[in-house]
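Comments concern the structure below.
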Amino acid sequence: MKKIYLNKNFPHFLHGGDYNPEQWIDTKEIWDEDMRLMRKANCNEMTVGVFSWSTLEPEEGKFDFSFLDEIIAKIGENGGKVVLATPTAAPPFWLAKKYPEILRFEKNGYAAPNLGSRRHKFCYTSEKYREKVAVMVKKLAERYAHNKIVVAWHLDNELYGDCFCDSCRKKFREFLKNKYKTVENLNKTYWAKWSSGEVSSFDDVQPPIAGTSYDALYIDWKRFTDYAKIDFLKFQSDIIKGVNKDAVITTNLMPQRDYDLFEYAKMLDFASIDIYPNWGRKSEIGEAIDSAWQYDYVRSIKNKPFMLMESAPGLVSWMPQNKLQRPGIGSLASISSIAHGSDSVGYFQFRKSRGACEQYHGAIVDHVGNENTRVFKEVASTGATLNKIDEVCGAITQSEVALYYDTENLWALDVVYAFAPHHVNYYSEQINYYGILWNNSINTDIINRESDFSKYKLIILPMAYMASEELQNKISDFVRGGGTVFATYMLGYTDERVLTHLGGFPGGKLKDVFGIWNEEIDSLYPEDVQKISYKGKLYDAKDYCEIIHLRGAKALADYNTDFYKDTPCFTVNEYGAGKAYYQAFRDTGEFKSDALECILQELNIKGCIASKHKGVSAQIRTDYENEYLFIENYSDGKAENIKLNDVYENLLTGEKVNNVSIGKFEYKVLKRKI
Amino acid sequence: MKKIYLNKNFPHFLHGGDYNPEQWIDTKEIWDEDMRLMRKANCNEMTVGVFSWSTLEPEEGKFDFSFLDEIIAKIGENGGKVVLATPTAAPPFWLAKKYPEILRFEKNGYAAPNLGSRRHKFCYTSEKYREKVAVMVKKLAERYAHNKIVVAWHLDNELYGDCFCDSCRKKFREFLKNKYKTVENLNKTYWAKWSSGEVSSFDDVQPPIAGTSYDALYIDWKRFTDYAKIDFLKFQSDIIKGVNKDAVITTNLMPQRDYDLFEYAKMLDFASIDIYPNWGRKSEIGEAIDSAWQYDYVRSIKNKPFMLMESAPGLVSWMPQNKLQRPGIGSLASISSIAHGSDSVGYFQFRKSRGACEQYHGAIVDHVGNENTRVFKEVASTGATLNKIDEVCGAITQSEVALYYDTENLWALDVVYAFAPHHVNYYSEQINYYGILWNNSINTDIINRESDFSKYKLIILPMAYMASEELQNKISDFVRGGGTVFATYMLGYTDERVLTHLGGFPGGKLKDVFGIWNEEIDSLYPEDVQKISYKGKLYDAKDYCEIIHLRGAKALADYNTDFYKDTPCFTVNEYGAGKAYYQAFRDTGEFKSDALECILQELNIKGCIASKHKGVSAQIRTDYENEYLFIENYSDGKAENIKLNDVYENLLTGEKVNNVSIGKFEYKVLKRKI
Amino acid sequence: MKKIYLNKNFPHFLHGGDYNPEQWIDTKEIWDEDMRLMRKANCNEMTVGVFSWSTLEPEEGKFDFSFLDEIIAKIGENGGKVVLATPTAAPPFWLAKKYPEILRFEKNGYAAPNLGSRRHKFCYTSEKYREKVAVMVKKLAERYAHNKIVVAWHLDNELYGDCFCDSCRKKFREFLKNKYKTVENLNKTYWAKWSSGEVSSFDDVQPPIAGTSYDALYIDWKRFTDYAKIDFLKFQSDIIKGVNKDAVITTNLMPQRDYDLFEYAKMLDFASIDIYPNWGRKSEIGEAIDSAWQYDYVRSIKNKPFMLMESAPGLVSWMPQNKLQRPGIGSLASISSIAHGSDSVGYFQFRKSRGACEQYHGAIVDHVGNENTRVFKEVASTGATLNKIDEVCGAITQSEVALYYDTENLWALDVVYAFAPHHVNYYSEQINYYGILWNNSINTDIINRESDFSKYKLIILPMAYMASEELQNKISDFVRGGGTVFATYMLGYTDERVLTHLGGFPGGKLKDVFGIWNEEIDSLYPEDVQKISYKGKLYDAKDYCEIIHLRGAKALADYNTDFYKDTPCFTVNEYGAGKAYYQAFRDTGEFKSDALECILQELNIKGCIASKHKGVSAQIRTDYENEYLFIENYSDGKAENIKLNDVYENLLTGEKVNNVSIGKFEYKVLKRKI
């Protein structure tokens, strides 16, 4: 048996959420009521401190931790654990006012110290801010880093955005100098002879505030921004670990945003995720797939269980329409996170604010203040389930299939205007390919340019536009060694500098791996549809169609329309012991489903369940002795007669089954010995 | 007989409009032609001086009132009266150039003194501007405040917008300090512990220029802006009344904008309105209803006859499409203002400009310069009618029904992003409920949080989101005393500080008055429709559906769809001697019509006419001896066989009738003794 | 025989394009390969130097022309000619950094010297920039102005945009002072009494950065911007001609943008055009018509053959979708430019960049680097055709019909918000009327307010809103002398100051020429359609319908709907020896086609071919001995049985024909003796 826990001293699921009791510091009877409601909701965790700075240090140098002492103790007395946040995401007003140099410099100027300003107003590289942060974090660590109630430290909160202040500009130039050594190297990489743009010193380089003619500059800026934020997190982590080297460090990541999670993962003890799906619009299946991808991504970056830190109980407050979650969806989504590798279910927030900008955001405890709400009851029932399946905690995920998703590739496609940033949709296409695997209940890892390719049978590379020599080699080695790759249009146009490959696409070695030459890419208007002929059936192509030539590959499908009618559009090449498939166009879903399922069959990659049902997906976690099978139903009705691959025990009822039916928005958790 | 006149010395309708003769100062033969055309158009009023400052004071301290002397005299000689504007809405270029501190500071910086800049470029709180304004207004008052031709003073013009200059910031902080006394009170009201946002001094507070996390700050800023503008108006009024205490003061208000008209009304002798409906798009009925509401609102704020100061002859020039008014609409709309309590019909402007930004805006006299245009003739015919019905002038309006519309509530809903400012549509819903009353020809007052509730039989409160304890008491007292209220979804979520009520919605006493608990609000996507079952019929619900629980109330309708199927959505509660109805959802028009008409019947509230016709509405004015009945037809065809409640005399023809037919875009004015 | 050549020393078509070899200065084997590919592509011209400044002067005062020497020599050795650009469109980074005062001041501030900034970042009036430009241009001229390989000088590149820096403001005020003499004149012209806006000094005038209430200010600013740019071009031209007075000067103009090409033409030896149609969206016919108009316009401004400098081989990279050009379209479009008067076919660019913002823009030589691409082959085939029809070079165009297009009128309609800038569409209506002539294969000139009207039979004036007394006289003289004019709605509302005409529209003399009075203009909503009855058939009217009165004219069509039913909407007036037609509404295409074809017939104006085919158009060039007939087919299929007016010789095959068929996207070039 092998398990990996978030905190080895607490081998249990966490169930709880963000709790901001400083809002109610004048009415402490509410704190006591909250403790009662925490137990009633089957919660065992509270994330505290996220926005507490002004309460902990109301004036410069005047500290008062009594509120935190009291709350942590109360939570502990009531059987709960605490994830303790450093409050650095929201510097107090007095600090921003006294030291305006700590403030974020937005594209259009300073975020003024303003009652009306939003959070996240500080600069990641500010020396002055680090000075103040160091004091606060040191004091917190000294006071709580050995506290047994505290199971993990949450650094800052939802780090996003970038800063354009003088300090960041300076640091950016240092970063470039370190990378390029000479300004000539930078000029060549940026192709700066174009328009007489060569700079003569690193000091000439500015962040791409107002757009840029040089994609490479944009990408370097994104690289730098991640570098600066990770450095800020490390700065905090070092202080805490300096007090207790066993302190457990995390922060909440957001896979839908454009920062490079693999880079952040390197310095975290475990990864955490905040997730806010758009439930209730059309079918729930699309949201479920998107969420599942996010979970798989956050699991993959550390290759171990993660924490679901924030999700919305009931509804959010910042969408154009804040629709209520339909009964069951909240629980189902929570258990889904467990299925994909989470060892916690967290919510934002425990008690609803009375004012300010999250006044109406969903919470476990609503303004009415009691346990008689629909949302409270659903949360409590999720907690009851977690208690029953607690043995799953620490089990891991094994995948034969990997999906390539690279944030540098995302940046490159976000900025390359020839392919229309508004239509490129790298993220959506990623989800589209993932959806086929989800539909087939196949455990999947998300990998990037630095991942180990060798452990998979099949790797899918949608729109892998940026292909360095290293990546080319990885793909080549993987296929030569017997692996199967499935790549799509836009493969290997540039190297890691976003300089195009010369000599024909896909660049370098990939031309041989895939056995094709890609001459032209036709960007279609939204109203254009091309037809594809594959195995006697016609499919639609949209948006992008490449005109390719065979250089050893075999055509599996041809275009059926327009001037490239009868030229190949889906090919396979035998290369070493493996195979390389290439889909030269964007399809509308049906083609990728048929083509990929065919390949899965050929490779004998089986789903976690033995039958396929619309809106139903299954995942397996394992501790090498037991296998835990989660089956979820997001369809609009009951899923009948779901066939299992073996006999399983229902972990909630003890029943033995080889076949189950699952109601709308319901789930099963099953178990078998391996 | 009881009548209330705009100016007791001129007990007649005013018919005329804005006149800017300084544009033609080099071609004075045009002035003479204008006098001929004024008489020809049956006009008896000109509003002059609105943009005259640069002509009256071409250089600092160099005054020349000869043009104004001449024009006022000419108008008087030709039988007309003058409404004299203070020219402060458009400070001359030289003033803005010499004293840039008088300029409006927009969100993104100063409105530079610029030939290209727009009007309204001054700051309402600038000391320097007041100094210059004082001189100008004093001179005007001394010269004209006893002039018999001048029947009223029009202060400034269409005051809107806000200013973010240092002077306004300072005044804002004084306003806050005066209101909150201590900064702790402010922090608590703003719920500023959220995100460590507490300020330590009133000087820290900034206007919500770039958005804010604190709704309460936004609302205080709106309150302050009105305060500053009203103070600016009072400053002028005091000067004029200092010269002649009987001078009659007004200014032109715009009900569609978000300033608090009830507050302005307090310092005016009578209210004026500018109105620019969007005629000619689809049916005219919607525009007629919206206009009627605006008239009723402006009448209600002073509870007496008002002045229609500006409306467009023929067309406007600032819409995406400037469609011509169809024949008859201009006259009908003018008479409609009289029906709803106006004692004037005014236009912008008398003669069309040759250049600048209102070059093509409709005018009585077009560029062709003569009386042979369609528009001129229609204006002249309106004037002829006004002459015939002049005895109506000064009659007042009596209503049994009131519609609650509160500007602070508007601000709160405009800013609360959980309910999506783009879909909240407080104004539209107001008009939707008003439309049912209009369709039933029922005289209606518009009331706000400070109004006297006791004189009505029925009060309708759409989306009364903000309910202070005072408002709760008013509603409670009204119902307990036998009144009927009809409230809708979003009732009583917050108090006047926009802090949510704790303990369940609607807040405080309202839970008892309405006998319900409102647990959740479902914000629907635009494509979502829910069904309502009421008296055996199905209705549509859109946008917002609350899930409520009965606490004494009786369910009159249930939801018919989704997970809240069979829960109540329209309730009535007997409370004291009255009844409280609650509509928990937004409907699409049909439901509110059926439900309200049922209640009107029950309360025996009768329309001004005895039959109902699509697009036809009637209003009554009275002098306690005579009743004047106005019937208007906005439908696309003739309205036949309109039944009257009694025999009336046609004021235009003398005919006696108890039944009339009215052509498309035509009207009747009838009279009976009471 | 009479011919006019671009350069009298090189009486041949140019075929080639922009070439930026400094990008490959480190890999000179690519230069040699480019020479081979140039010959292979049947090219004989390269435009070099456009972006070379940083290579020619890598540091201030350090010049190195060796790269240019080498490239020009290589091109010459390989049989090519060079168009040599002054590199002033893209000042090098070091220059912008050292002298920031040379930078363009955009509406929202300086274009900082920034790696990320776009091109065209300099100020047209900067003294410092001129100083630096003078040195560079002088050196280039001294080195190459007598070089036989250089056939023309291309000044700067695609001049557009405006600058709001202090230097430009100063120059603008001088421009105004020179024009108006006194500030009173300016105030009167701007109608500045409106809103007390009179300025007291020319120094008070600011550019209309943030919009303006004064249309006349906007138009003066546009006039000034052209003046400044032309002055900048002249400054360069004078230097070059100072070295060799026979140097041939051009620059690339863009007819779709809002600058006044007729003004630029005055200082050029020949005009050049850059053209980037939106091929591949719906039918190609619309793009072909738009392109043809652009060619005719650029030919008309000098009234002689012009240079097609830039067009895209294959695709562009800056559209929302960059669709591939379908096979044949590239060649057809190239030959079309010749048909309409071009003596060159140029592309942007010869070899695709590896990086920076035009990385994926179409090029003759793609990233693959060889001649085996579809695009390369099509370019080579166009070159082969040009070689075969080289005798056409220098032939001119004769037209009986002219279409009035005036840039000042465009500015006026772009800014007059009463008619909704978004719907006014002056440019589109221009193209709509042009399309009728194109469909009928009629050679057409484009004329403006300064052109000679007397040489035409028919002049069409769509939306000639601005009509000075001079223009009124020109139209009057033309008609009185026997000409026919066809004018539309919005004729003659203002004079050249955009002050409206008084006394009725169309202004001044035009009321007599057309025999009408236009009382009102109805601006329709997008969903509105009115009907027109003309010769027993019903047509649609949209957007604008004027209500006019006959004052001598004869009604040819009436409105059939709405309140202006049965009033005239299409009229003809006999005036002197000619006729004046007036179309009072915007039609949807069918009406203008039927009405204009009727007039063409009456005037006996014949097409270049004797039959009409959808998507087929023909043009004639002549040298007074030979007539060259070009026929192009943009329809989706073969055009059969096209009847010619005579027997012609096929210039490519030698065949004699009086009837031809032309495949989809193909063309014919035919010849006959006159």
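Every chain in the structure tokens has a letter given in the order shown (A, B, ...), and although residue numbers restart at 1 in each chain, ligands are simply numbered from 1 in the order shown.
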Compute the set of chain C residues within 7 Å of chain B, using only C-alpha atoms, and express it as JSON, numbers by chain.
{"C": [190, 191, 193, 194, 195, 196, 197, 198, 199, 205, 206, 208, 211, 212, 213, 214, 215, 417, 418, 419, 420, 499, 500, 502, 503, 504, 522, 523, 524, 525]}
For C-alpha atoms, I'd like the residues from the last selection saved as an mmCIF file, in the first residue's frame.
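result00.cif, freshly written:
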```
data_model
loop_
_atom_site.group_PDB
_atom_site.id
_atom_site.type_symbol
_atom_site.label_atom_id
_atom_site.label_comp_id
_atom_site.auth_asym_id
_atom_site.auth_seq_id
_atom_site.Cartn_x
_atom_site.Cartn_y
_atom_site.Cartn_z
ATOM 1 C CA TYR C 190 -16.585 77.284 -36.429
ATOM 2 C CA TRP C 191 -19.929 78.755 -35.272
ATOM 3 C CA LYS C 193 -20.851 81.293 -30.271
ATOM 4 C CA TRP C 194 -22.510 77.975 -29.725
ATOM 5 C CA SER C 195 -21.871 77.196 -26.035
ATOM 6 C CA SER C 196 -19.800 80.350 -25.559
ATOM 7 C CA GLY C 197 -16.890 78.670 -27.313
ATOM 8 C CA GLU C 198 -15.161 81.626 -29.000
ATOM 9 C CA VAL C 199 -11.373 81.652 -28.659
ATOM 10 C CA VAL C 205 -6.919 76.265 -30.580
ATOM 11 C CA GLN C 206 -6.175 72.642 -29.760
ATOM 12 C CA PRO C 208 -9.602 67.709 -31.724
ATOM 13 C CA GLY C 211 -13.715 64.758 -29.988
ATOM 14 C CA THR C 212 -15.107 68.175 -30.668
ATOM 15 C CA SER C 213 -18.373 70.019 -30.870
ATOM 16 C CA TYR C 214 -17.081 71.764 -33.984
ATOM 17 C CA ASP C 215 -16.947 69.730 -37.178
ATOM 18 C CA TYR C 417 -22.944 62.936 -35.979
ATOM 19 C CA ALA C 418 -26.519 63.805 -36.902
ATOM 20 C CA PHE C 419 -26.261 61.295 -39.763
ATOM 21 C CA ALA C 420 -24.526 58.680 -37.650
ATOM 22 C CA LEU C 499 -21.790 75.747 -42.373
ATOM 23 C CA THR C 500 -25.209 74.739 -43.646
ATOM 24 C CA LEU C 502 -29.534 78.763 -45.719
ATOM 25 C CA GLY C 503 -32.633 79.062 -47.852
ATOM 26 C CA GLY C 504 -33.177 75.358 -48.456
ATOM 27 C CA ASP C 522 -35.594 60.705 -42.529
ATOM 28 C CA SER C 523 -32.854 58.564 -40.983
ATOM 29 C CA LEU C 524 -34.268 55.076 -40.777
ATOM 30 C CA TYR C 525 -33.542 52.411 -38.219
#
```
Per DSSP on the backbone, what are the strand (DSSP E) residues of stretch 312-446 of chain C, as JSON, numbers by chain?
{"C": [344, 345, 346, 347, 401, 402, 403, 404, 444, 445, 446]}
Export C-alpha atoms of the chosen residues as a PDB file, in the first residue's frame?
```pdb
ATOM      1  CA  SER C 344       3.859  47.270 -62.328  1.00  0.00           C
ATOM      2  CA  VAL C 345       2.938  44.342 -60.142  1.00  0.00           C
ATOM      3  CA  GLY C 346       4.623  44.499 -56.745  1.00  0.00           C
ATOM      4  CA  TYR C 347       4.303  42.304 -53.706  1.00  0.00           C
ATOM      5  CA  VAL C 401     -17.811  58.820 -67.132  1.00  0.00           C
ATOM      6  CA  ALA C 402     -16.502  60.273 -63.888  1.00  0.00           C
ATOM      7  CA  LEU C 403     -17.380  59.505 -60.308  1.00  0.00           C
ATOM      8  CA  TYR C 404     -17.033  62.316 -57.798  1.00  0.00           C
ATOM      9  CA  THR C 444     -14.282  55.449 -65.283  1.00  0.00           C
ATOM     10  CA  ASP C 445     -12.267  58.307 -63.806  1.00  0.00           C
ATOM     11  CA  ILE C 446     -12.473  59.383 -60.186  1.00  0.00           C
TER      12      ILE C 446
END
```
With a distance cut-off of 10 Å and only C-alpha atoms, select the neighbouring residues of A:Arg480, excluding the residue or stretch itself and same-chain residues fewer than 3 positions from it, and output the selection as a list in words.
Lys474, Ile475, Ser476, Asp477, Gly483, Thr484, Val513, Glu574, Tyr575, Gly576, Ala577, Gly578, Lys579 and Ala580 of chain A
Just to be explicit: take each residue in the selection above, keep N, CA and C atoms, and write the result as a PDB file, in the first residue's frame.
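Result file follows (out.pdb):
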```
ATOM      1  N   LYS A 474      12.415  14.738 -27.798  1.00  0.00           N
ATOM      2  CA  LYS A 474      11.563  13.975 -26.889  1.00  0.00           C
ATOM      3  C   LYS A 474      10.497  13.212 -27.656  1.00  0.00           C
ATOM      4  N   ILE A 475       9.875  13.912 -28.587  1.00  0.00           N
ATOM      5  CA  ILE A 475       8.812  13.272 -29.368  1.00  0.00           C
ATOM      6  C   ILE A 475       9.411  12.151 -30.207  1.00  0.00           C
ATOM      7  N   SER A 476      10.522  12.463 -30.831  1.00  0.00           N
ATOM      8  CA  SER A 476      11.176  11.482 -31.684  1.00  0.00           C
ATOM      9  C   SER A 476      11.572  10.238 -30.879  1.00  0.00           C
ATOM     10  N   ASP A 477      12.187  10.452 -29.729  1.00  0.00           N
ATOM     11  CA  ASP A 477      12.608   9.323 -28.897  1.00  0.00           C
ATOM     12  C   ASP A 477      11.407   8.501 -28.441  1.00  0.00           C
ATOM     13  N   GLY A 483       6.183   4.455 -28.709  1.00  0.00           N
ATOM     14  CA  GLY A 483       5.025   5.250 -28.313  1.00  0.00           C
ATOM     15  C   GLY A 483       4.205   5.717 -29.511  1.00  0.00           C
ATOM     16  N   THR A 484       2.990   6.126 -29.195  1.00  0.00           N
ATOM     17  CA  THR A 484       2.120   6.687 -30.234  1.00  0.00           C
ATOM     18  C   THR A 484       1.867   8.156 -29.920  1.00  0.00           C
ATOM     19  N   VAL A 513       9.508  12.488 -38.210  1.00  0.00           N
ATOM     20  CA  VAL A 513       8.664  11.703 -37.292  1.00  0.00           C
ATOM     21  C   VAL A 513       7.267  11.543 -37.885  1.00  0.00           C
ATOM     22  N   GLU A 574       4.769   5.463 -39.695  1.00  0.00           N
ATOM     23  CA  GLU A 574       5.465   4.502 -38.848  1.00  0.00           C
ATOM     24  C   GLU A 574       6.884   5.023 -38.687  1.00  0.00           C
ATOM     25  N   TYR A 575       7.303   5.143 -37.459  1.00  0.00           N
ATOM     26  CA  TYR A 575       8.609   5.757 -37.182  1.00  0.00           C
ATOM     27  C   TYR A 575       9.209   4.964 -36.035  1.00  0.00           C
ATOM     28  N   GLY A 576      10.333   4.303 -36.265  1.00  0.00           N
ATOM     29  CA  GLY A 576      10.904   3.420 -35.255  1.00  0.00           C
ATOM     30  C   GLY A 576       9.853   2.385 -34.890  1.00  0.00           C
ATOM     31  N   ALA A 577       9.695   2.161 -33.612  1.00  0.00           N
ATOM     32  CA  ALA A 577       8.734   1.159 -33.158  1.00  0.00           C
ATOM     33  C   ALA A 577       7.350   1.748 -32.928  1.00  0.00           C
ATOM     34  N   GLY A 578       7.192   3.057 -33.191  1.00  0.00           N
ATOM     35  CA  GLY A 578       5.925   3.693 -32.869  1.00  0.00           C
ATOM     36  C   GLY A 578       5.215   4.299 -34.072  1.00  0.00           C
ATOM     37  N   LYS A 579       4.192   5.043 -33.763  1.00  0.00           N
ATOM     38  CA  LYS A 579       3.401   5.668 -34.824  1.00  0.00           C
ATOM     39  C   LYS A 579       3.142   7.141 -34.507  1.00  0.00           C
ATOM     40  N   ALA A 580       3.098   7.944 -35.578  1.00  0.00           N
ATOM     41  CA  ALA A 580       2.841   9.376 -35.404  1.00  0.00           C
ATOM     42  C   ALA A 580       1.663   9.769 -36.282  1.00  0.00           C
TER      43      ALA A 580
END
```
Give me the residues within 6 Å of stretch 40-46 of chain C as an mmCIF file with C-alpha atoms, in the first residue's frame, counting only C-alpha atoms and dropping any in the same chain fewer than 5 places off.
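So the final result, stored in part.cif, reads:
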```
data_model
loop_
_atom_site.group_PDB
_atom_site.id
_atom_site.type_symbol
_atom_site.label_atom_id
_atom_site.label_comp_id
_atom_site.auth_asym_id
_atom_site.auth_seq_id
_atom_site.Cartn_x
_atom_site.Cartn_y
_atom_site.Cartn_z
ATOM 1 C CA LEU C 14 8.055 46.167 -63.241
ATOM 2 C CA HIS C 15 7.455 42.855 -61.476
ATOM 3 C CA GLY C 16 8.828 42.350 -58.007
ATOM 4 C CA GLY C 17 8.329 43.663 -54.511
ATOM 5 C CA ASP C 18 9.616 44.723 -51.144
ATOM 6 C CA TYR C 19 12.859 43.063 -50.261
ATOM 7 C CA GLY C 80 16.736 43.505 -61.965
ATOM 8 C CA LYS C 81 15.942 47.107 -61.198
ATOM 9 C CA VAL C 82 15.666 48.744 -57.820
ATOM 10 C CA ALA C 380 6.188 33.197 -61.653
ATOM 11 C CA GLY C 383 5.610 37.344 -64.426
#
```
Within 10 Å of C:Val529, counting only C-alpha atoms, which residues show up once you throw out same-chain ones fewer than 5 positions away? Write them as a list in words, please.
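So, after excluding close chain neighbours, the residues are Leu524, Tyr539, Asp540, Ala541, Lys542, Asp543, Tyr544, Thr561, Asp562 and Asp587 of chain C.
The residues of stretch 517-636 of chain A that DSSP classifies as helix (DSSP H, G or I), using the backbone of this structure, are Glu590, Phe591, Lys592, Ser593, Asp594, Ala595, Leu596, Glu597, Cys598, Ile599, Leu600, Gln601 and Glu602 of chain A.
Residues in contact range of stretch 75-78 of chain A, defined as at most 7 Å between only C-alpha atoms, with sequence neighbours fewer than 3 positions away removed, read Met35, Ile71, Ile72, Lys81 and Ile149 of chain A.
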Excluding stretch 631-647 of chain B and any residue of its chain fewer than 2 positions from it, enumerate the residues within 9 Å of it, using only C-alpha atoms, and give them as a PyMOL selection string.
chain B and resi 283-285+288+329+332-333+335-336+339+441+607-620+629+649+656-672
Give me, please, the distance in Å between atom CA of C:Cys163 and atom CA of C:Tyr124, quoted to one decimal.
7.5 Å
Restricting the calculation to only C-alpha atoms: of A:Asp623, A:Glu371, A:Glu400, A:Glu60, which residue gets closest to A:Val135?
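Nearest candidate to A:Val135 out of A:Asp623, A:Glu371, A:Glu400, A:Glu60: A:Glu60.
The space separating atom CA of B:Gly394 from atom CA of B:His340 comes to 11.9 Å.
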Suppose you want the space between atom CA of C:Tyr582 and atom CA of C:Tyr218; what is it in Å?
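Separation of atom CA of C:Tyr582 and atom CA of C:Tyr218: 29.1 Å.
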